[in-house]
Amino acid sequence: MENQYLKQFPDLLKGKTLLYVHGFGSSGQSGTVKRLRTVFPNAKVIAPDLPLHPEEAIALLHSVCSDEKPDIILGTSMGGMYTEQLRGFDRICTNPALCIADTMQAHGLTGNQTYQNPRQDGVQQFYVDKALVKEYRYVSERRFDGISDDDRQRVYGLFGDRDDLVDTFGLFHEQYPNAIHFHGEHRMDDHSFMHSVLPVIRWIDDRQEHRERPIIYIGIETLIDSRRQPTASSQKAVRHFIEKYQVFFVAPAMSVDVSQYADVSAWLEQYVNVPAWGHTVFTNQRYLLYGDYLIEGTETKDAMATGILFGSDTFKTWDDIIEYFDRLGGQ
């Protein structure tokens, strides 16, 4: 693991249970499990080795959910397919292999296979034949069965924009509104976890705890330089702020050229990514924004938030703004 990216968050998921559902050919000893236990030291992370046969695996997961009542379920790939079917829980499906039988056949995941990580039963080799593929197809086709309106809001799908193994974004998004692209490949690493999964876990934990963080609004003009690249240290600032604040990004509302909406959204998806999803406000009336801080390039008169003028003598750079918020300590 690339440990220089990891950081501990002892207050997130404190005293809670997180169930991790691993992918095909993996185990509860995967690098993702170690990552979760490092980042959330005060959470109980459960990661069972899944049986090879899918009916046995889904039965085991239902039993674990009944016994442990996890606060969050996180599943990757095949585990994302199973996770989607565990109704009634807050869940994150990362690159879910919703059509896993097709994925197995398309990518040579049949015949003799070796588990990628050690398993508690000591088994390292397994064989995938047509009958087993048929079992996976039958279980995966039960996706979306019995979805409630509550489920639709409690399930997030995260889809890597460089995933060359699975692409079920469209299928997922037909059923669930919370479908988000992130920068990453099929296999999660430290970087993509910290920048993509962690923000979603924070949103869920905040909602569960009815936690209200101070709000920072950031004007889009402070983030983009003349070459349409991120201004110096702006990405660092965003990562810094979302640890303690609720962050929203503010762009002008264009009444005629709707393509400009797409342009702004595409820029935010490229350079801010997951933290901007569902946190972008299009308005020409910034004085109506109710929050704690408003970082912008031109001062808004009569604003209902404390104004921070980017580029001013006091806040010439993003590093100056970061230092200011460090002194505030999350207030």
# chains A, B, ... in the order shown; residues from 1 in each chain; ligands from 1
call {"tool": "select_by_dssp", "arguments": {"residues": "region 104-133 of chain A", "states": "helix (DSSP H, G or I)", "output": "list in words"}}
result
Met104, Gln105, Ala106, Lys130, Ala131, Leu132 and Val133 of chain A
call {"tool": "write_last_selection", "arguments": {"atoms": "C-alpha atoms", "output": "PDB file, in the first residue's frame"}}
result
ATOM      1  CA  MET A 104     -15.931 -13.693 -15.758  1.00  0.00           C
ATOM      2  CA  GLN A 105     -16.328 -14.978 -19.297  1.00  0.00           C
ATOM      3  CA  ALA A 106     -15.034 -11.814 -20.972  1.00  0.00           C
ATOM      4  CA  LYS A 130     -19.768 -23.369 -16.689  1.00  0.00           C
ATOM      5  CA  ALA A 131     -22.016 -24.542 -13.881  1.00  0.00           C
ATOM      6  CA  LEU A 132     -20.423 -22.086 -11.446  1.00  0.00           C
ATOM      7  CA  VAL A 133     -20.699 -19.241 -13.952  1.00  0.00           C
TER       8      VAL A 133
END
call {"tool": "select_by_dssp", "arguments": {"residues": "region 59-228 of chain A", "states": "strand (DSSP E)", "output": "PyMOL selection string"}}
result
chain A and resi 72-76+91-94+111-114+125-128+155-160+179-182+215-219
call {"tool": "closest_residue", "arguments": {"among": "A:Arg152, A:His191, A:His186, A:Arg119", "to": "Glu174 (chain A)", "atoms": "only C-alpha atoms"}}
result
A:Arg152
call {"tool": "atom_distance", "arguments": {"atom1": "CA of Arg286 (chain A)", "atom2": "CA of Glu323 (chain A)"}}
result
24.6 Å
call {"tool": "closest_residue", "arguments": {"among": "A:Ile321, A:Val39, A:Ile73, A:Met254", "to": "Tyr5 (chain A)", "atoms": "only C-alpha atoms"}}
result
A:Val39
call {"tool": "residues_around", "arguments": {"residues": "Pro54 (chain A)", "least_positions_apart": "2", "cutoff": "6 Å", "atoms": "only C-alpha atoms", "output": "VMD selection string"}}
result
chain A and resid 56 to 57 136
call {"tool": "residues_around", "arguments": {"residues": "His183 (chain A)", "least_positions_apart": "2", "cutoff": "8 Å", "atoms": "only C-alpha atoms", "output": "PyMOL selection string"}}
result
chain A and resi 160-162+181+185+192+196+273
call {"tool": "write_last_selection", "arguments": {"atoms": "all heavy atoms", "output": "mmCIF file, in the first residue's frame"}}
result
data_model
loop_
_atom_site.group_PDB
_atom_site.id
_atom_site.type_symbol
_atom_site.label_atom_id
_atom_site.label_comp_id
_atom_site.auth_asym_id
_atom_site.auth_seq_id
_atom_site.Cartn_x
_atom_site.Cartn_y
_atom_site.Cartn_z
ATOM 1 N N GLY A 160 -14.907 3.832 -11.289
ATOM 2 C CA GLY A 160 -13.622 4.346 -11.730
ATOM 3 C C GLY A 160 -13.625 4.713 -13.203
ATOM 4 O O GLY A 160 -14.094 3.933 -14.036
ATOM 5 N N ASP A 161 -13.087 5.895 -13.523
ATOM 6 C CA ASP A 161 -13.071 6.324 -14.923
ATOM 7 C C ASP A 161 -11.981 5.627 -15.739
ATOM 8 O O ASP A 161 -11.893 5.808 -16.949
ATOM 9 C CB ASP A 161 -12.941 7.846 -15.022
ATOM 10 C CG ASP A 161 -11.729 8.397 -14.287
ATOM 11 O OD1 ASP A 161 -10.840 7.611 -13.875
ATOM 12 O OD2 ASP A 161 -11.662 9.640 -14.095
ATOM 13 N N ARG A 162 -11.144 4.811 -15.074
ATOM 14 C CA ARG A 162 -10.127 4.026 -15.787
ATOM 15 C C ARG A 162 -10.318 2.530 -15.530
ATOM 16 O O ARG A 162 -9.363 1.758 -15.635
ATOM 17 C CB ARG A 162 -8.725 4.481 -15.369
ATOM 18 C CG ARG A 162 -8.401 5.919 -15.748
ATOM 19 C CD ARG A 162 -6.933 6.247 -15.578
ATOM 20 N NE ARG A 162 -6.492 6.101 -14.195
ATOM 21 C CZ ARG A 162 -6.622 7.026 -13.254
ATOM 22 N NH1 ARG A 162 -7.219 8.173 -13.543
ATOM 23 N NH2 ARG A 162 -6.197 6.821 -12.022
ATOM 24 N N HIS A 181 -18.780 9.015 -10.722
ATOM 25 C CA HIS A 181 -17.488 8.623 -11.295
ATOM 26 C C HIS A 181 -16.354 9.141 -10.410
ATOM 27 O O HIS A 181 -16.428 10.251 -9.878
ATOM 28 C CB HIS A 181 -17.323 9.189 -12.705
ATOM 29 C CG HIS A 181 -18.054 8.410 -13.756
ATOM 30 N ND1 HIS A 181 -19.136 8.928 -14.453
ATOM 31 C CD2 HIS A 181 -17.875 7.147 -14.220
ATOM 32 C CE1 HIS A 181 -19.579 8.021 -15.309
ATOM 33 N NE2 HIS A 181 -18.838 6.939 -15.187
ATOM 34 N N GLU A 185 -8.869 3.144 -11.136
ATOM 35 C CA GLU A 185 -9.022 1.919 -11.904
ATOM 36 C C GLU A 185 -9.992 0.977 -11.196
ATOM 37 O O GLU A 185 -10.654 1.369 -10.232
ATOM 38 C CB GLU A 185 -7.636 1.270 -12.083
ATOM 39 C CG GLU A 185 -6.661 2.186 -12.807
ATOM 40 C CD GLU A 185 -5.269 1.588 -12.924
ATOM 41 O OE1 GLU A 185 -5.042 0.496 -12.341
ATOM 42 O OE2 GLU A 185 -4.419 2.191 -13.601
ATOM 43 N N SER A 192 -7.066 6.543 -4.534
ATOM 44 C CA SER A 192 -8.475 6.611 -4.929
ATOM 45 C C SER A 192 -9.393 6.421 -3.729
ATOM 46 O O SER A 192 -10.482 7.008 -3.672
ATOM 47 C CB SER A 192 -8.784 5.575 -6.019
ATOM 48 O OG SER A 192 -8.431 4.267 -5.610
ATOM 49 N N SER A 196 -11.922 9.401 -2.934
ATOM 50 C CA SER A 196 -13.225 9.048 -3.504
ATOM 51 C C SER A 196 -14.152 8.364 -2.514
ATOM 52 O O SER A 196 -15.296 8.782 -2.338
ATOM 53 C CB SER A 196 -13.021 8.150 -4.736
ATOM 54 O OG SER A 196 -12.128 8.750 -5.660
ATOM 55 N N ASN A 273 -13.543 16.346 -8.430
ATOM 56 C CA ASN A 273 -14.070 15.003 -8.473
ATOM 57 C C ASN A 273 -15.118 14.767 -7.389
ATOM 58 O O ASN A 273 -15.986 15.601 -7.176
ATOM 59 C CB ASN A 273 -12.931 13.989 -8.420
ATOM 60 C CG ASN A 273 -13.304 12.647 -9.053
ATOM 61 O OD1 ASN A 273 -13.039 11.607 -8.480
ATOM 62 N ND2 ASN A 273 -13.945 12.652 -10.210
#
call {"tool": "atom_distance", "arguments": {"atom1": "CA of Gln120 (chain A)", "atom2": "CA of Leu52 (chain A)"}}
result
13.3 Å
call {"tool": "closest_residue", "arguments": {"among": "A:Glu209, A:Glu296, A:Asp302, A:Asp49", "to": "Asp121 (chain A)", "atoms": "only C-alpha atoms"}}
result
A:Asp49
call {"tool": "closest_residue", "arguments": {"among": "A:Val281, A:Arg154, A:Asp225, A:Ile215", "to": "Ala305 (chain A)", "atoms": "only C-alpha atoms"}}
result
A:Ile215
call {"tool": "closest_residue", "arguments": {"among": "A:Tyr287, A:Phe172, A:Tyr245, A:Phe282", "to": "Phe325 (chain A)", "atoms": "only C-alpha atoms"}}
result
A:Tyr245
call {"tool": "closest_residue", "arguments": {"among": "A:Ala97, A:Ala266, A:Val21, A:Leu61", "to": "Gly79 (chain A)", "atoms": "only C-alpha atoms"}}
result
A:Val21
call {"tool": "residues_around", "arguments": {"residues": "Gly146 (chain A)", "least_positions_apart": "4", "cutoff": "12 Å", "atoms": "only C-alpha atoms", "output": "short mmCIF file (atom, residue, chain, number, x, y, z; two decimals) with C-alpha atoms, in the first residue's frame"}}
result
data_model
loop_
_atom_site.label_atom_id
_atom_site.label_comp_id
_atom_site.auth_asym_id
_atom_site.auth_seq_id
_atom_site.Cartn_x
_atom_site.Cartn_y
_atom_site.Cartn_z
CA GLU A 84 -26.31 -3.85 -3.67
CA GLN A 85 -28.55 -6.76 -2.65
CA LEU A 86 -28.18 -6.26 1.11
CA ARG A 87 -31.31 -4.17 1.54
CA GLY A 88 -31.93 -1.78 4.42
CA ARG A 142 -31.54 -10.76 -8.64
CA ASP A 150 -35.35 4.41 1.15
CA ASP A 151 -32.78 2.10 -0.46
CA ARG A 152 -32.49 4.33 -3.49
CA GLN A 175 -32.08 2.44 -10.35
#
